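Heads up, upload21.cif below (mmCIF, C-alpha atoms):
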data_run
loop_
_atom_site.label_atom_id
_atom_site.label_comp_id
_atom_site.auth_asym_id
_atom_site.auth_seq_id
_atom_site.Cartn_x
_atom_site.Cartn_y
_atom_site.Cartn_z
CA MET A 206 -44.99 112.13 69.55
CA ARG A 207 -47.61 112.21 72.33
CA LYS A 208 -48.55 115.71 73.51
CA THR A 209 -48.85 116.43 77.27
CA PHE A 210 -50.84 119.16 78.97
CA PRO A 211 -48.53 121.39 81.07
CA LEU A 212 -49.04 120.73 84.80
CA PHE A 213 -49.00 124.42 85.74
CA LEU A 214 -51.81 125.14 83.28
CA LEU A 215 -53.85 122.32 84.77
CA LEU A 216 -53.34 123.64 88.32
CA GLY A 217 -54.13 127.16 87.19
CA SER A 218 -57.40 126.09 85.64
CA LEU A 219 -58.38 124.40 88.94
CA LEU A 220 -57.40 127.31 91.17
CA LEU A 221 -58.68 130.16 89.03
CA PRO A 222 -62.36 129.82 90.02
CA ALA A 223 -61.37 129.93 93.68
CA CYS A 224 -59.55 133.22 93.18
CA GLY A 225 -62.37 134.88 91.31
CA LYS A 226 -65.84 135.88 92.46
CA LEU A 227 -68.07 132.91 93.22
CA ALA A 228 -71.47 132.77 91.61
CA GLN A 229 -74.22 133.71 94.04
CA TYR A 230 -77.27 131.51 94.43
CA GLU A 231 -80.43 133.14 93.16
CA ASN A 232 -83.92 131.92 93.80
CA ALA A 233 -85.68 131.77 90.46
CA ALA A 234 -89.01 132.33 92.17
CA GLY A 235 -87.71 135.39 94.00
CA ASP A 236 -87.31 136.09 97.72
CA VAL A 237 -90.17 136.51 100.15
CA ALA A 238 -90.80 140.24 100.42
CA ASP A 239 -91.68 139.95 104.10
CA LEU A 240 -88.03 139.20 104.89
CA SER A 241 -87.00 142.63 103.66
CA ARG A 242 -90.09 144.59 104.77
CA MET A 243 -90.66 143.13 108.23
CA PRO A 244 -88.14 143.10 111.09
CA GLN A 245 -86.84 139.61 111.81
CA SER A 246 -85.97 140.36 115.45
CA LEU A 247 -88.73 139.93 118.04
CA ALA A 248 -87.05 142.64 120.12
CA VAL A 249 -88.25 145.22 117.58
CA LEU A 250 -91.83 144.05 117.99
CA ALA A 251 -91.50 144.07 121.79
CA GLU A 252 -90.34 147.69 121.72
CA ARG A 253 -93.45 148.65 119.76
CA HIS A 254 -95.85 146.79 122.03
CA VAL A 255 -98.23 148.72 124.26
CA GLY A 256 -99.49 146.78 127.29
CA PRO A 257 -102.94 146.86 128.92
CA ASP A 258 -101.61 149.35 131.48
CA GLY A 259 -100.67 151.78 128.71
CA GLN A 260 -96.94 151.21 129.15
CA SER A 261 -94.99 150.71 125.93
CA GLY A 262 -91.70 149.08 125.17
CA ALA A 263 -90.07 145.76 125.94
CA ASP A 264 -91.14 145.87 129.61
CA ALA A 265 -94.84 146.34 128.84
CA LEU A 266 -97.17 143.63 130.12
CA LEU A 267 -98.77 141.32 127.57
CA ARG A 268 -101.67 140.57 129.92
CA SER A 269 -103.04 142.49 132.89
CA PRO A 270 -102.53 140.91 136.35
CA ALA A 271 -106.22 139.96 136.49
CA GLU A 272 -106.05 138.36 133.04
CA ALA A 273 -102.85 136.53 133.97
CA GLU A 274 -104.46 135.10 137.11
CA ALA A 275 -107.45 133.95 135.08
CA ASP A 276 -105.08 132.32 132.59
CA VAL A 277 -103.32 130.40 135.37
CA ARG A 278 -106.61 129.21 136.86
CA HIS A 279 -107.77 128.00 133.45
CA PHE A 280 -104.43 126.27 132.84
CA ARG A 281 -104.57 124.44 136.17
CA GLN A 282 -108.17 123.42 135.56
CA MET A 283 -107.32 121.91 132.18
CA PHE A 284 -103.95 120.44 133.20
CA PHE A 285 -105.33 118.57 136.23
CA GLN A 286 -108.66 117.65 134.62
CA PRO A 287 -107.82 113.90 134.50
CA TRP A 288 -107.59 113.96 138.33
CA ASN A 289 -110.88 115.80 138.91
CA GLU A 290 -113.51 113.42 140.24
CA GLY A 291 -116.35 115.05 138.31
CA ALA A 292 -114.41 115.09 135.05
CA ARG A 293 -112.85 111.64 135.10
CA GLN A 294 -115.55 109.95 133.07
CA PRO A 295 -113.87 108.54 129.96
CA ASN A 296 -114.16 110.07 126.55
CA LEU A 297 -116.57 107.61 124.90
CA TYR A 298 -115.53 108.67 121.42
CA ALA A 299 -111.88 108.07 122.34
CA ILE A 300 -112.45 104.47 123.39
CA GLN A 301 -114.66 103.76 120.38
CA ASP A 302 -111.95 105.23 118.15
CA SER A 303 -109.32 103.01 119.79
CA LEU A 304 -111.50 99.92 119.36
CA ALA A 305 -112.04 100.78 115.69
CA GLU A 306 -108.28 101.11 115.19
CA LEU A 307 -107.80 97.52 116.28
CA GLU A 308 -110.78 96.25 114.25
CA ARG A 309 -109.21 97.12 110.90
CA ALA A 310 -109.91 94.76 108.03
CA PRO A 311 -106.86 92.95 106.60
CA ASP A 312 -106.67 95.22 103.54
CA LEU A 313 -106.65 98.34 105.77
CA ARG A 314 -103.91 97.35 108.19
CA GLY A 315 -101.08 98.64 106.07
CA TYR A 316 -97.44 97.74 106.63
CA ALA A 317 -95.38 96.83 109.69
CA GLY A 318 -91.84 97.86 110.64
CA ASN A 319 -90.29 95.40 108.20
CA LEU A 320 -92.15 97.24 105.40
CA ARG A 321 -94.17 94.09 104.76
CA PRO A 322 -97.97 93.90 105.17
CA TRP A 323 -99.17 93.17 108.67
CA THR A 324 -99.72 89.44 108.92
CA ASP A 325 -103.00 88.17 110.32
CA MET A 326 -101.10 86.33 113.08
CA ALA A 327 -99.27 89.50 114.20
CA TRP A 328 -102.43 91.60 114.08
CA GLN A 329 -104.43 89.09 116.08
CA ALA A 330 -101.64 88.91 118.69
CA LEU A 331 -101.84 92.70 118.97
CA ARG A 332 -105.61 92.53 119.53
CA VAL A 333 -105.33 89.78 122.13
CA ASN A 334 -102.70 91.69 124.10
CA ALA A 335 -104.83 94.85 123.97
CA ASP A 336 -107.61 92.88 125.75
CA LEU A 337 -110.47 94.36 123.73
CA PRO A 338 -113.17 92.92 126.00
CA GLY A 339 -111.57 94.75 128.92
CA LEU A 340 -111.43 97.97 126.90
CA GLU A 341 -115.11 97.58 126.06
CA ARG A 342 -115.89 97.13 129.78
CA ALA A 343 -114.03 100.38 130.44
CA LEU A 344 -116.44 101.96 127.97
CA ARG A 345 -119.50 100.65 129.84
CA GLN A 346 -118.27 100.60 133.46
CA PRO A 347 -115.23 102.86 133.78
CA GLU A 348 -113.08 102.69 136.90
CA PRO A 349 -110.47 105.39 136.23
CA ARG A 350 -107.29 105.66 138.32
CA ALA A 351 -105.21 108.81 138.64
CA ALA A 352 -101.67 108.49 137.31
CA VAL A 353 -98.78 110.67 136.17
CA THR A 354 -95.99 110.33 133.62
CA VAL A 355 -92.58 109.84 135.26
CA ARG A 356 -90.57 110.42 132.09
CA ALA A 357 -91.12 111.84 128.65
CA THR A 358 -92.92 109.18 126.65
CA HIS A 359 -95.18 108.47 123.67
CA LEU A 360 -98.91 107.97 123.34
CA ARG A 361 -99.84 105.23 120.87
CA ALA A 362 -103.02 104.33 119.00
CA ALA A 363 -102.28 100.66 119.72
CA PRO A 364 -100.14 98.95 122.37
CA PRO A 365 -97.14 97.66 120.37
CA GLU A 366 -93.86 99.45 119.66
CA GLU A 367 -94.23 98.06 116.15
CA PRO A 368 -95.15 100.86 113.70
CA ARG A 369 -97.93 100.92 111.13
CA PHE A 370 -97.64 102.57 107.73
CA ASP A 371 -100.45 103.02 105.21
CA ASN A 372 -98.03 102.37 102.39
CA VAL A 373 -94.31 102.18 101.70
CA HIS A 374 -94.21 104.32 98.57
CA GLY A 375 -94.30 108.09 98.28
CA ALA A 376 -94.78 110.80 100.87
CA GLY A 377 -97.70 111.47 103.15
CA LYS A 378 -99.02 108.55 105.18
CA GLY A 379 -96.34 106.16 104.00
CA TRP A 380 -93.01 105.19 105.50
CA PRO A 381 -91.48 106.57 107.74
CA PHE A 382 -94.65 108.09 109.28
CA ASP A 383 -95.85 105.74 112.01
CA LEU A 384 -99.65 105.98 112.18
CA PHE A 385 -99.75 104.23 115.56
CA GLN A 386 -97.90 107.24 117.01
CA GLN A 387 -100.41 109.69 118.50
CA THR A 388 -98.24 112.29 120.21
CA ALA A 389 -95.47 112.80 122.75
CA LEU A 390 -96.20 113.32 126.45
CA PRO A 391 -94.01 115.38 128.80
CA VAL A 392 -92.93 114.27 132.24
CA ALA A 393 -95.29 114.93 135.20
CA LEU A 394 -98.45 115.02 133.06
CA PRO A 395 -101.64 113.98 134.93
CA LEU A 396 -103.42 110.98 133.42
CA SER A 397 -106.57 108.98 133.98
CA VAL A 398 -105.90 105.26 133.45
CA LEU A 399 -108.85 103.18 132.25
CA HIS A 400 -107.40 99.88 131.09
CA GLN A 401 -104.30 97.67 130.99
CA SER A 402 -102.96 95.32 128.33
CA ARG A 403 -102.79 91.60 129.07
CA ASP A 404 -99.01 91.62 129.48
CA GLY A 405 -99.21 94.66 131.78
CA ALA A 406 -96.72 96.63 129.67
CA TRP A 407 -99.26 99.15 128.35
CA LEU A 408 -101.95 101.34 129.89
CA TYR A 409 -104.87 102.93 128.10
CA ALA A 410 -104.99 106.48 129.48
CA GLU A 411 -106.43 109.93 128.86
CA SER A 412 -104.89 113.32 129.49
CA SER A 413 -106.77 116.61 129.32
CA GLY A 414 -106.64 116.60 125.54
CA VAL A 415 -105.41 113.28 124.12
CA TRP A 416 -105.91 109.57 124.71
CA GLY A 417 -104.25 106.31 123.80
CA TRP A 418 -101.76 103.68 124.97
CA VAL A 419 -98.72 104.59 127.06
CA ARG A 420 -95.98 102.34 128.39
CA ALA A 421 -96.68 101.36 132.01
CA GLU A 422 -93.00 101.80 132.95
CA ASP A 423 -93.25 105.47 131.99
CA THR A 424 -96.10 106.16 134.43
CA ALA A 425 -96.95 105.84 138.12
CA PHE A 426 -100.28 105.84 139.90
CA ALA A 427 -100.84 109.07 141.83
CA GLY A 428 -102.28 108.88 145.33
CA PRO A 429 -104.17 111.73 147.07
CA GLU A 430 -101.08 113.16 148.80
CA PHE A 431 -99.04 113.31 145.60
CA GLN A 432 -101.98 114.91 143.79
CA ARG A 433 -102.27 117.56 146.50
CA LEU A 434 -98.56 118.41 146.33
CA TRP A 435 -98.47 118.55 142.54
CA ARG A 436 -101.63 120.67 142.35
CA ASN A 437 -100.17 123.19 144.82
CA THR A 438 -96.68 123.36 143.31
CA PRO A 439 -95.87 126.96 142.30
CA LEU A 440 -95.48 127.66 138.61
CA ALA A 441 -92.38 129.22 137.08
CA ALA A 442 -91.52 130.52 133.65
CA VAL A 443 -88.07 130.27 132.06
CA VAL A 444 -87.49 133.41 129.99
CA ARG A 445 -83.91 132.91 128.82
CA ASP A 446 -81.74 130.13 127.44
CA GLY A 447 -79.20 128.09 129.37
CA VAL A 448 -81.10 127.91 132.68
CA GLY A 449 -80.35 124.83 134.77
CA LEU A 450 -83.29 123.26 136.65
CA ARG A 451 -82.74 121.52 139.99
CA PHE A 452 -85.41 119.48 141.70
CA ARG A 453 -85.82 118.51 145.33
CA ARG A 454 -87.01 115.00 146.12
CA LEU A 455 -90.43 115.13 147.77
CA GLY A 456 -90.28 111.69 149.37
CA VAL A 457 -94.00 111.12 148.75
CA ASP A 458 -95.63 107.76 148.24
CA GLY A 459 -97.88 108.20 145.23
CA ALA A 460 -99.16 104.64 145.14
#
Translate this file's structure into structure tokens.
Amino acid sequence: MRKTFPLFLLLGSLLLPACGKLAQYENAAGDVADLSRMPQSLAVLAERHVGPDGQSGADALLRSPAEAEADVRHFRQMFFQPWNEGARQPNLYAIQDSLAELERAPDLRGYAGNLRPWTDMAWQALRVNADLPGLERALRQPEPRAAVTVRATHLRAAPPEEPRFDNVHGAGKGWPFDLFQQTALPVALPLSVLHQSRDGAWLYAESSGVWGWVRAEDTAFAGPEFQRLWRNTPLAAVVRDGVGLRFRRLGVDGA
């Protein structure tokens, strides 16, 4: 005769662990002592802060009014540097670095978005569209134009959307880390445009701290009147979450 396991015993064995105390996860390496010794709320640190005026507590100033004004002047100087006539000479190292990126030997080009090695035909098409002779002329005889980003965008080391990976195995410089991706650019960032790709879809531009290729549709050339308005726009700081921003159309021709 075949023996059967009682159904109620089976259900009891499944439900019993849920009724008892669950095992707690323990880190074999131990917890970071700072989590128990140091306060994890910034409000505690703010209450202990003493400002330059001697006032203490959460309302104490982090910087004196004179220091804050100097900070703002320095910020504006750096932020609008690409539009300053005396500072709009191109970064020679930047252009040389960009040229070197497109001069990679076949065995140093890595892999494309299909996780296959870059073909010579695709790489040469990239170089032709980048118009390397024009980029070299920008190095020798720069004619920079003031521009501004009109939407959040990306700065690339080369003009295609196609990514480049050093390898497709393991972590680090391999997939999915696109080595053509330089950084992200916010909206309304001043730029100095030095060159344009053959198809007109990409611009080689510099900001106050980075350089590379940006999509032309994400930028607009900035005329003198737009530059004046943007330079003189008051600054504001958002100090709490959930604040809605509303913008008024300036109706300015920046071309």
* Name all residues at most 10 Å from stretch 422-427 of chain A (count all atoms listed in the file; drop same-chain ones fewer than 6 positions away) and give them as an NGL selection string. => :A and (288 or 350-359 or 392-398 or 405-408 or 433 or 435 or 457-460)
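In this model, the gap between atom CA of A:Gly262 and atom CA of A:Ser246 comes to 14.3 Å.
Interatomic distance, atom CA of A:Leu337 against atom CA of A:Val419: 15.9 Å.
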* For this file, the PyMOL selection byres ((chain A and resi 250-252) around 10) selects which residues, as a ChimeraX atom specification? -> /A:243-249,253-255,261-265,267
* Asked: Do you have the atom CA of A:Glu308-atom CA of A:Leu384 distance handy?
  -> 14.9 Å
* Determine the residue membership of the PyMOL selection byres ((chain A and resi 380) around 12) for the file above and supply it as a list in words. => Gly315, Tyr316, Ala317, Gly318, Asn319, Leu320, Arg321, Pro368, Arg369, Phe370, Asp371, Asn372, Val373, His374, Gly375, Ala376, Gly377, Lys378, Gly379, Pro381, Phe382, Asp383 and Leu384 of chain A
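When all atoms listed in the file are used to measure the gap to A:Asn296, the shortest distance among A:Ala410, A:Val237, A:Met283, A:Val333 belongs to A:Ala410.
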Filled-in N, CA, C and O atoms of stretch 397-419 of chain A, supplied as a PDB file, in the frame of the given file:
ATOM      1  N   SER A 397    -105.512 109.815 133.436  1.00  0.00           N
ATOM      2  CA  SER A 397    -106.570 108.980 133.980  1.00  0.00           C
ATOM      3  C   SER A 397    -106.472 107.629 133.276  1.00  0.00           C
ATOM      4  O   SER A 397    -106.671 107.539 132.059  1.00  0.00           O
ATOM      5  N   VAL A 398    -106.113 106.587 134.020  1.00  0.00           N
ATOM      6  CA  VAL A 398    -105.900 105.260 133.450  1.00  0.00           C
ATOM      7  C   VAL A 398    -107.196 104.471 133.501  1.00  0.00           C
ATOM      8  O   VAL A 398    -107.824 104.364 134.563  1.00  0.00           O
ATOM      9  N   LEU A 399    -107.575 103.893 132.366  1.00  0.00           N
ATOM     10  CA  LEU A 399    -108.850 103.180 132.250  1.00  0.00           C
ATOM     11  C   LEU A 399    -108.698 101.685 132.006  1.00  0.00           C
ATOM     12  O   LEU A 399    -109.640 100.926 132.233  1.00  0.00           O
ATOM     13  N   HIS A 400    -107.519 101.263 131.530  1.00  0.00           N
ATOM     14  CA  HIS A 400    -107.400  99.880 131.090  1.00  0.00           C
ATOM     15  C   HIS A 400    -105.927  99.499 131.028  1.00  0.00           C
ATOM     16  O   HIS A 400    -105.048 100.372 130.956  1.00  0.00           O
ATOM     17  N   GLN A 401    -105.663  98.187 131.043  1.00  0.00           N
ATOM     18  CA  GLN A 401    -104.300  97.670 130.990  1.00  0.00           C
ATOM     19  C   GLN A 401    -104.232  96.512 129.999  1.00  0.00           C
ATOM     20  O   GLN A 401    -105.173  95.717 129.888  1.00  0.00           O
ATOM     21  N   SER A 402    -103.129  96.430 129.261  1.00  0.00           N
ATOM     22  CA  SER A 402    -102.960  95.320 128.330  1.00  0.00           C
ATOM     23  C   SER A 402    -102.748  94.013 129.098  1.00  0.00           C
ATOM     24  O   SER A 402    -102.429  94.010 130.285  1.00  0.00           O
ATOM     25  N   ARG A 403    -102.903  92.890 128.399  1.00  0.00           N
ATOM     26  CA  ARG A 403    -102.790  91.600 129.070  1.00  0.00           C
ATOM     27  C   ARG A 403    -101.397  91.381 129.660  1.00  0.00           C
ATOM     28  O   ARG A 403    -101.259  90.790 130.730  1.00  0.00           O
ATOM     29  N   ASP A 404    -100.359  91.830 128.967  1.00  0.00           N
ATOM     30  CA  ASP A 404     -99.010  91.620 129.480  1.00  0.00           C
ATOM     31  C   ASP A 404     -98.605  92.672 130.521  1.00  0.00           C
ATOM     32  O   ASP A 404     -97.514  92.611 131.076  1.00  0.00           O
ATOM     33  N   GLY A 405     -99.483  93.641 130.772  1.00  0.00           N
ATOM     34  CA  GLY A 405     -99.210  94.660 131.780  1.00  0.00           C
ATOM     35  C   GLY A 405     -98.228  95.730 131.355  1.00  0.00           C
ATOM     36  O   GLY A 405     -97.907  96.631 132.143  1.00  0.00           O
ATOM     37  N   ALA A 406     -97.742  95.665 130.129  1.00  0.00           N
ATOM     38  CA  ALA A 406     -96.720  96.630 129.670  1.00  0.00           C
ATOM     39  C   ALA A 406     -97.326  97.937 129.190  1.00  0.00           C
ATOM     40  O   ALA A 406     -96.611  98.926 129.072  1.00  0.00           O
ATOM     41  N   TRP A 407     -98.633  97.961 128.914  1.00  0.00           N
ATOM     42  CA  TRP A 407     -99.260  99.150 128.350  1.00  0.00           C
ATOM     43  C   TRP A 407    -100.507  99.516 129.137  1.00  0.00           C
ATOM     44  O   TRP A 407    -101.236  98.642 129.617  1.00  0.00           O
ATOM     45  N   LEU A 408    -100.754 100.821 129.237  1.00  0.00           N
ATOM     46  CA  LEU A 408    -101.950 101.340 129.890  1.00  0.00           C
ATOM     47  C   LEU A 408    -102.719 102.202 128.895  1.00  0.00           C
ATOM     48  O   LEU A 408    -102.122 102.996 128.163  1.00  0.00           O
ATOM     49  N   TYR A 409    -104.036 102.034 128.901  1.00  0.00           N
ATOM     50  CA  TYR A 409    -104.870 102.930 128.100  1.00  0.00           C
ATOM     51  C   TYR A 409    -105.241 104.108 128.995  1.00  0.00           C
ATOM     52  O   TYR A 409    -105.863 103.931 130.050  1.00  0.00           O
ATOM     53  N   ALA A 410    -104.853 105.313 128.607  1.00  0.00           N
ATOM     54  CA  ALA A 410    -104.990 106.480 129.480  1.00  0.00           C
ATOM     55  C   ALA A 410    -105.463 107.688 128.689  1.00  0.00           C
ATOM     56  O   ALA A 410    -105.333 107.745 127.460  1.00  0.00           O
ATOM     57  N   GLU A 411    -106.000 108.654 129.443  1.00  0.00           N
ATOM     58  CA  GLU A 411    -106.430 109.930 128.860  1.00  0.00           C
ATOM     59  C   GLU A 411    -105.759 111.057 129.621  1.00  0.00           C
ATOM     60  O   GLU A 411    -105.630 111.012 130.850  1.00  0.00           O
ATOM     61  N   SER A 412    -105.327 112.071 128.874  1.00  0.00           N
ATOM     62  CA  SER A 412    -104.890 113.320 129.490  1.00  0.00           C
ATOM     63  C   SER A 412    -105.999 114.337 129.284  1.00  0.00           C
ATOM     64  O   SER A 412    -107.115 113.987 128.916  1.00  0.00           O
ATOM     65  N   SER A 413    -105.721 115.593 129.492  1.00  0.00           N
ATOM     66  CA  SER A 413    -106.770 116.610 129.320  1.00  0.00           C
ATOM     67  C   SER A 413    -107.148 116.813 127.868  1.00  0.00           C
ATOM     68  O   SER A 413    -108.185 117.402 127.574  1.00  0.00           O
ATOM     69  N   GLY A 414    -106.316 116.330 126.932  1.00  0.00           N
ATOM     70  CA  GLY A 414    -106.640 116.600 125.540  1.00  0.00           C
ATOM     71  C   GLY A 414    -106.409 115.448 124.582  1.00  0.00           C
ATOM     72  O   GLY A 414    -106.880 115.496 123.441  1.00  0.00           O
ATOM     73  N   VAL A 415    -105.704 114.403 125.010  1.00  0.00           N
ATOM     74  CA  VAL A 415    -105.410 113.280 124.120  1.00  0.00           C
ATOM     75  C   VAL A 415    -105.620 111.966 124.868  1.00  0.00           C
ATOM     76  O   VAL A 415    -105.699 111.950 126.102  1.00  0.00           O
ATOM     77  N   TRP A 416    -105.683 110.879 124.114  1.00  0.00           N
ATOM     78  CA  TRP A 416    -105.910 109.570 124.710  1.00  0.00           C
ATOM     79  C   TRP A 416    -105.203 108.514 123.877  1.00  0.00           C
ATOM     80  O   TRP A 416    -104.926 108.702 122.685  1.00  0.00           O
ATOM     81  N   GLY A 417    -104.895 107.398 124.512  1.00  0.00           N
ATOM     82  CA  GLY A 417    -104.250 106.310 123.800  1.00  0.00           C
ATOM     83  C   GLY A 417    -103.477 105.414 124.760  1.00  0.00           C
ATOM     84  O   GLY A 417    -103.702 105.433 125.979  1.00  0.00           O
ATOM     85  N   TRP A 418    -102.540 104.654 124.209  1.00  0.00           N
ATOM     86  CA  TRP A 418    -101.760 103.680 124.970  1.00  0.00           C
ATOM     87  C   TRP A 418    -100.400 104.261 125.329  1.00  0.00           C
ATOM     88  O   TRP A 418     -99.715 104.829 124.484  1.00  0.00           O
ATOM     89  N   VAL A 419    -100.004 104.096 126.578  1.00  0.00           N
ATOM     90  CA  VAL A 419     -98.720 104.590 127.060  1.00  0.00           C
ATOM     91  C   VAL A 419     -98.027 103.451 127.792  1.00  0.00           C
ATOM     92  O   VAL A 419     -98.674 102.613 128.421  1.00  0.00           O
TER      93      VAL A 419
END
